[in-house]
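A.B. asks: Data: my_file-v9.txt, compact mmCIF, C-alpha atoms and all ligand atoms.
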# COMPACT_ATOMS: atom_id res chain seq x y z
CA MET A 1 114.03 88.99 98.72
CA SER A 2 113.54 86.80 101.80
CA GLU A 3 111.61 83.55 101.35
CA LEU A 4 107.95 82.97 102.28
CA LYS A 5 108.69 81.01 105.42
CA PHE A 6 105.85 81.90 107.81
CA SER A 7 102.32 80.56 107.90
CA LEU A 8 99.71 83.13 108.92
CA THR A 9 97.25 82.86 111.82
CA GLY A 10 94.48 85.42 112.28
CA ILE A 11 93.75 86.99 115.65
CA TYR A 12 90.44 88.81 115.91
CA GLY A 13 89.92 90.70 119.17
CA GLY A 14 86.79 92.64 120.00
CA THR A 15 84.14 93.37 122.56
CA PHE A 16 81.67 91.31 120.50
CA ASP A 17 78.76 92.96 122.34
CA PRO A 18 77.20 91.33 120.33
CA ILE A 19 79.19 89.63 117.56
CA HIS A 20 77.54 90.36 114.17
CA TYR A 21 77.79 89.68 110.44
CA GLY A 22 80.20 92.62 110.05
CA HIS A 23 82.77 90.66 112.08
CA LEU A 24 81.93 87.27 110.59
CA ARG A 25 81.87 88.22 106.93
CA ILE A 26 85.17 90.12 107.26
CA ALA A 27 86.79 87.08 108.90
CA GLU A 28 85.42 84.78 106.19
CA GLU A 29 86.72 87.01 103.38
CA LEU A 30 90.13 87.22 105.04
CA THR A 31 90.49 83.44 105.08
CA ASP A 32 90.47 83.71 101.26
CA ILE A 33 92.40 86.95 100.84
CA ILE A 34 95.17 86.13 103.33
CA GLY A 35 94.91 82.36 103.29
CA PHE A 36 94.42 81.90 107.03
CA GLN A 37 94.12 78.32 108.19
CA THR A 38 92.61 79.56 111.43
CA ILE A 39 91.28 82.78 112.92
CA HIS A 40 91.16 83.00 116.72
CA PHE A 41 88.30 85.11 118.07
CA ILE A 42 89.20 86.70 121.42
CA PRO A 43 86.31 88.45 123.19
CA SER A 44 87.76 91.07 125.52
CA GLY A 45 87.18 91.02 129.27
CA SER A 46 87.01 94.59 130.54
CA PRO A 47 88.29 96.86 127.77
CA ARG A 48 90.77 99.57 128.84
CA LEU A 49 89.62 102.26 126.47
CA ARG A 50 85.86 102.15 126.67
CA CYS A 51 83.18 101.73 129.27
CA ASP A 52 82.24 98.23 130.38
CA PRO A 53 80.36 96.18 127.79
CA PHE A 54 76.58 95.84 128.14
CA ALA A 55 76.50 92.04 128.16
CA SER A 56 78.53 90.10 130.72
CA ARG A 57 81.78 88.33 129.85
CA TYR A 58 80.00 84.98 129.96
CA HIS A 59 77.21 86.05 127.60
CA ARG A 60 79.66 87.58 125.10
CA LEU A 61 81.70 84.38 125.18
CA MET A 62 78.56 82.31 124.58
CA MET A 63 77.38 84.55 121.70
CA THR A 64 80.79 84.31 120.06
CA HIS A 65 80.72 80.54 120.48
CA LEU A 66 77.26 80.30 118.88
CA ALA A 67 78.29 82.55 115.99
CA ILE A 68 81.42 80.62 114.99
CA GLN A 69 80.70 77.06 116.06
CA ASN A 70 79.96 75.79 112.54
CA ASN A 71 83.13 77.14 110.96
CA SER A 72 86.11 74.84 111.50
CA LYS A 73 88.56 77.64 110.73
CA PHE A 74 87.16 79.91 113.43
CA ILE A 75 88.40 79.20 116.95
CA LEU A 76 87.09 80.65 120.19
CA ASP A 77 89.69 81.84 122.67
CA ALA A 78 88.48 82.69 126.18
CA ARG A 79 91.78 83.91 127.59
CA GLU A 80 90.77 87.56 127.98
CA ILE A 81 87.35 86.65 129.33
CA ASN A 82 89.06 84.49 131.98
CA ARG A 83 91.77 86.99 132.81
CA GLU A 84 91.13 89.28 135.76
CA GLY A 85 91.44 93.03 135.39
CA LYS A 86 91.55 95.07 132.22
CA SER A 87 92.04 93.39 128.86
CA SER A 88 95.20 93.91 126.90
CA SER A 89 95.89 92.53 123.46
CA VAL A 90 99.62 92.74 124.05
CA GLU A 91 99.36 90.25 126.89
CA SER A 92 97.39 87.81 124.73
CA LEU A 93 99.82 88.13 121.83
CA ARG A 94 102.81 87.57 124.14
CA GLU A 95 101.12 84.39 125.35
CA TYR A 96 100.40 83.23 121.80
CA LYS A 97 104.03 83.73 120.82
CA TYR A 98 105.18 81.77 123.83
CA GLU A 99 102.62 78.98 123.34
CA SER A 100 103.18 78.48 119.63
CA GLY A 101 106.81 77.78 120.49
CA ASP A 102 107.80 77.70 116.82
CA ASP A 103 109.40 80.25 114.58
CA LYS A 104 107.18 79.49 111.61
CA THR A 105 103.92 81.20 112.54
CA ALA A 106 103.21 84.89 112.02
CA LEU A 107 100.25 86.26 113.96
CA CYS A 108 98.03 88.73 112.08
CA PHE A 109 95.85 91.01 114.18
CA ILE A 110 92.62 91.87 112.33
CA ILE A 111 91.41 95.36 113.11
CA GLY A 112 88.90 97.88 111.76
CA ILE A 113 90.22 101.27 110.71
CA ASP A 114 88.31 102.96 113.55
CA ALA A 115 90.13 100.84 116.13
CA PHE A 116 93.50 101.11 114.36
CA MET A 117 93.34 104.92 114.51
CA LYS A 118 93.26 104.64 118.31
CA LEU A 119 96.18 102.20 118.52
CA PRO A 120 98.53 104.69 120.24
CA LEU A 121 96.15 104.63 123.21
CA TRP A 122 96.56 100.88 123.63
CA TYR A 123 98.72 99.48 126.40
CA CYS A 124 102.32 98.91 125.14
CA TRP A 125 101.16 99.65 121.60
CA ARG A 126 104.59 99.80 120.00
CA GLU A 127 105.40 96.32 121.32
CA LEU A 128 102.48 94.98 119.28
CA PHE A 129 104.54 95.47 116.13
CA THR A 130 107.13 93.05 117.52
CA LEU A 131 104.44 90.42 118.11
CA CYS A 132 102.13 90.54 115.09
CA HIS A 133 101.31 92.01 111.70
CA PHE A 134 98.21 94.19 111.35
CA ILE A 135 95.46 93.52 108.81
CA ILE A 136 93.33 96.64 108.54
CA VAL A 137 89.77 96.49 107.24
CA HIS A 138 87.59 99.41 106.17
CA ARG A 139 84.27 100.29 107.71
CA PRO A 140 81.76 102.42 105.82
CA GLY A 141 81.41 105.94 107.09
CA ARG A 142 84.75 105.78 108.92
CA ILE A 143 88.06 107.34 107.94
CA SER A 144 89.38 106.56 104.46
CA MET A 145 92.32 104.27 105.01
CA MET A 146 94.04 105.03 101.78
CA ASN A 147 94.82 108.47 103.09
CA GLN A 148 97.60 107.64 105.51
CA ASP A 149 97.84 111.34 106.38
CA THR A 150 94.75 110.96 108.52
CA LEU A 151 96.60 108.68 110.94
CA PRO A 152 97.71 110.23 114.22
CA GLN A 153 101.34 111.44 113.97
CA ASP A 154 102.82 108.77 116.27
CA LEU A 155 101.09 106.00 114.39
CA LYS A 156 101.92 107.39 110.98
CA LYS A 157 105.60 107.51 111.95
CA GLU A 158 105.58 104.02 113.42
CA CYS A 159 103.93 102.59 110.30
CA ALA A 160 105.98 104.51 107.73
CA SER A 161 108.23 101.60 106.78
CA ARG A 162 105.73 98.86 107.53
CA TRP A 163 103.08 99.10 104.77
CA VAL A 164 102.85 96.18 102.35
CA THR A 165 100.43 95.88 99.44
CA ASN A 166 100.94 92.19 98.68
CA SER A 167 99.64 89.85 101.37
CA ASN A 168 102.36 87.31 100.51
CA ASP A 169 104.88 89.73 102.00
CA LEU A 170 103.36 88.96 105.40
CA LYS A 171 104.90 85.50 105.08
CA ARG A 172 108.43 86.87 104.86
CA GLN A 173 108.76 87.96 108.50
CA SER A 174 107.10 87.08 111.78
CA SER A 175 105.69 90.51 112.69
CA GLY A 176 105.78 94.24 112.12
CA LEU A 177 104.00 94.73 108.77
CA VAL A 178 100.71 96.50 108.01
CA PHE A 179 98.38 95.38 105.22
CA VAL A 180 95.09 96.98 104.19
CA ALA A 181 92.65 94.30 103.02
CA SER A 182 90.03 94.88 100.34
CA THR A 183 87.04 93.44 102.12
CA SER A 184 83.35 94.25 101.74
CA LEU A 185 82.08 97.43 103.31
CA LEU A 186 79.42 96.35 105.77
CA ASP A 187 77.65 99.05 107.68
CA ILE A 188 76.88 96.93 110.73
CA SER A 189 77.90 97.83 114.25
CA ALA A 190 77.19 96.44 117.70
CA THR A 191 76.14 99.92 118.82
CA ALA A 192 73.42 100.08 116.15
CA ILE A 193 72.28 96.53 116.97
CA ARG A 194 71.99 97.34 120.68
CA SER A 195 69.97 100.46 119.91
CA PHE A 196 67.64 98.42 117.64
CA PHE A 197 67.06 96.04 120.53
CA SER A 198 66.28 98.79 123.00
CA ALA A 199 63.91 100.42 120.48
CA GLU A 200 62.31 96.99 119.86
CA LYS A 201 63.20 97.12 116.17
CA SER A 202 64.15 94.07 114.14
CA THR A 203 67.80 92.99 114.08
CA ARG A 204 67.28 90.00 111.80
CA TYR A 205 69.95 89.49 109.12
CA LEU A 206 72.43 91.64 111.03
CA LEU A 207 73.65 88.76 113.15
CA PRO A 208 73.25 84.96 113.18
CA ASP A 209 69.86 83.63 114.28
CA ALA A 210 71.49 81.56 117.03
CA VAL A 211 72.95 84.75 118.54
CA LEU A 212 69.66 86.59 118.11
CA ASP A 213 67.78 83.80 119.89
CA TYR A 214 70.33 83.79 122.70
CA ILE A 215 69.96 87.55 123.18
CA ASN A 216 66.18 87.26 123.28
CA ILE A 217 66.17 84.35 125.72
CA HIS A 218 68.47 86.22 128.11
CA HIS A 219 66.99 89.71 127.49
CA LEU A 220 70.53 91.00 126.98
CA TYR A 221 69.93 94.41 125.45
CA SER A 222 66.42 95.26 126.52
CA GLY A 223 67.40 96.40 130.00
CA GLU A 224 65.70 93.43 131.66
CA GLU A 225 68.68 91.10 132.14
P1 LIG A 301 80.66 98.93 118.95
O1 LIG A 301 79.65 99.45 117.99
O2 LIG A 301 80.11 98.55 120.30
O3 LIG A 301 81.89 99.82 119.05
P2 LIG A 301 81.73 97.11 116.96
O4 LIG A 301 80.60 96.78 116.05
O5 LIG A 301 82.74 98.14 116.50
O6 LIG A 301 81.18 97.52 118.39
P3 LIG A 301 83.76 95.47 118.21
O7 LIG A 301 83.56 94.17 118.89
O8 LIG A 301 84.09 96.63 119.06
O9 LIG A 301 82.44 95.76 117.32
O10 LIG A 301 84.81 95.34 117.03
C1 LIG A 301 85.90 94.44 117.03
C2 LIG A 301 86.73 94.73 115.80
O11 LIG A 301 85.94 94.50 114.62
C3 LIG A 301 87.22 96.19 115.71
O12 LIG A 301 88.53 96.17 115.16
C4 LIG A 301 86.24 96.82 114.74
O13 LIG A 301 86.79 97.93 114.05
C5 LIG A 301 85.95 95.65 113.79
N1 LIG A 301 84.62 95.74 113.17
C6 LIG A 301 83.43 95.77 113.79
N2 LIG A 301 82.41 95.87 112.90
C7 LIG A 301 82.97 95.90 111.68
C8 LIG A 301 82.46 96.02 110.34
N3 LIG A 301 81.15 96.14 110.10
N4 LIG A 301 83.34 96.01 109.31
C9 LIG A 301 84.68 95.93 109.56
N5 LIG A 301 85.23 95.82 110.80
C10 LIG A 301 84.40 95.81 111.85
Is it possible to give me this structure as structure tokens?
C.D. replies:
Amino acid sequence: MSELKFSLTGIYGGTFDPIHYGHLRIAEELTDIIGFQTIHFIPSGSPRLRCDPFASRYHRLMMTHLAIQNNSKFILDAREINREGKSSSVESLREYKYESGDDKTALCFIIGIDAFMKLPLWYCWRELFTLCHFIIVHRPGRISMMNQDTLPQDLKKECASRWVTNSNDLKRQSSGLVFVASTSLLDISATAIRSFFSAEKSTRYLLPDAVLDYINIHHLYSGEE
């Protein structure tokens, strides 16, 4: 057995349109489950695989800042917001590897099962396994993760030898492993929040008050921006 020589850093990419308690609670639980010292939140610029976000890059960056500012383990990373063109996680992870400049940190990409299922559509997706581990979290109403047969063929094949069930195993190598975390099932999505806003329904307790106030001040999802 190889020794536990890597410390683990969380990378949490998303549109965050808006960021909500689904994202935040999952990240908080993972600091305990995985033992992250830090989780880097990376709002995407223009996603490759979906239509442009509703809120601008700047507003999504600001909402993410407001949501995580009081948690010293959560760090805001604006690199994809500041990068021109389409966002790509592979580019950000390459940069992280280069910047960290050590061989003691393993990056762990946090991803919901819905997003993981679409991984083969991501730019240079196989390279991601050379740059990070994946931490998969469940979402209620989405595909049951424990049934690996539901993964697309390419992904199932790529992951076949990568599954680990003990998070400590992630500390044995710098990348390439896949771990399914037992986190709370929170049925919160940005899509539902945006539709509540446009229907003028309450969104309280689905996202932090500071983010809610920001959205209201800037009329982000009511079509009046
Ligand atoms: P939308 O509804 O617009 O698709 P979203 O709520 O899925 O947005 P994203 O910013 O697209 O939010 O998600 C970023 C990452 O967080 C993705 O990997 C997604 O699967 C995960 N995620 C989002 N909401 C939850 C949740 N409630 N529980 C677990 N993971 C989540």
A.B. asks: Check the smallest atom-to-atom distance from each of A:Gly22, A:Gly45, A:Pro208, A:Pro152 to ligand LIG 301 (chain A) using all atoms listed in the file, then report the winner.
C.D. replies: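 Among A:Gly22, A:Gly45, A:Pro208, A:Pro152, it is A:Gly22 that comes nearest to ligand LIG 301 (chain A).
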A.B. asks: Extract, using all atoms listed in the file, all DNA, RNA and protein residues at most 9 Å from Ile26 (chain A), discarding same-chain residues fewer than 4 positions from it, and format them as an NGL selection string.
C.D. replies: :A and (21-22 or 30-31 or 137 or 183-186)
A.B. asks: By how many Å are CA of Lys104 (chain A) and CA of Cys132 (chain A) apart?
C.D. replies: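 Interatomic distance, CA of Lys104 (chain A) to CA of Cys132 (chain A): 12.6 Å.
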A.B. asks: Got a sec: who's within 7 Å of Gly13 (chain A), counting only C-alpha atoms, leaving out chain neighbours fewer than 6 positions off, as a list of chain:residue names?
C.D. replies: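 Once the adjacent positions are removed, what remains is A:Phe41, A:Ile42, A:Pro43, A:Ser44.
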A.B. asks: Within 6 Å of ligand LIG 301 (chain A), counting all atoms listed in the file: which residues, as a list in words?
C.D. replies: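 I would give the residues around ligand LIG 301 (chain A) as Gly13, Gly14, Thr15, Phe16, Gly22, His23, Ile111, Gly112, Ile113, Asp114, Ala115, Val137, His138, Arg139, Leu186, Asp187, Ile188, Ser189, Ala190 and Thr191 of chain A.
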A.B. asks: Which one is closest to Thr38 (chain A): A:Leu107, A:Leu4, A:Leu212, A:Met62? Count only C-alpha atoms.
C.D. replies: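 Ranking A:Leu107, A:Leu4, A:Leu212, A:Met62 by distance to Thr38 (chain A), first place goes to A:Leu107.
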A.B. asks: Between A:Lys156, A:Lys97, A:Lys201, A:Arg172, which one has atoms that come closest to Leu128 (chain A), using all atoms listed in the file?
C.D. replies: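 Closest residue, counting all atoms listed in the file: A:Lys97.
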A.B. asks: Tell me which of A:Thr130, A:Ser89, A:Ala181, A:Lys171 sits closest to Glu158 (chain A), counting all atoms listed in the file.
C.D. replies: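 Comparing A:Thr130, A:Ser89, A:Ala181, A:Lys171 against Glu158 (chain A), the winner is A:Thr130.
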A.B. asks: Work out how far apart CA of Leu8 (chain A) and CA of Lys157 (chain A) are and give it in Å to one decimal.
C.D. replies: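 According to the coordinates, CA of Leu8 (chain A) and CA of Lys157 (chain A) are separated by 25.3 Å.
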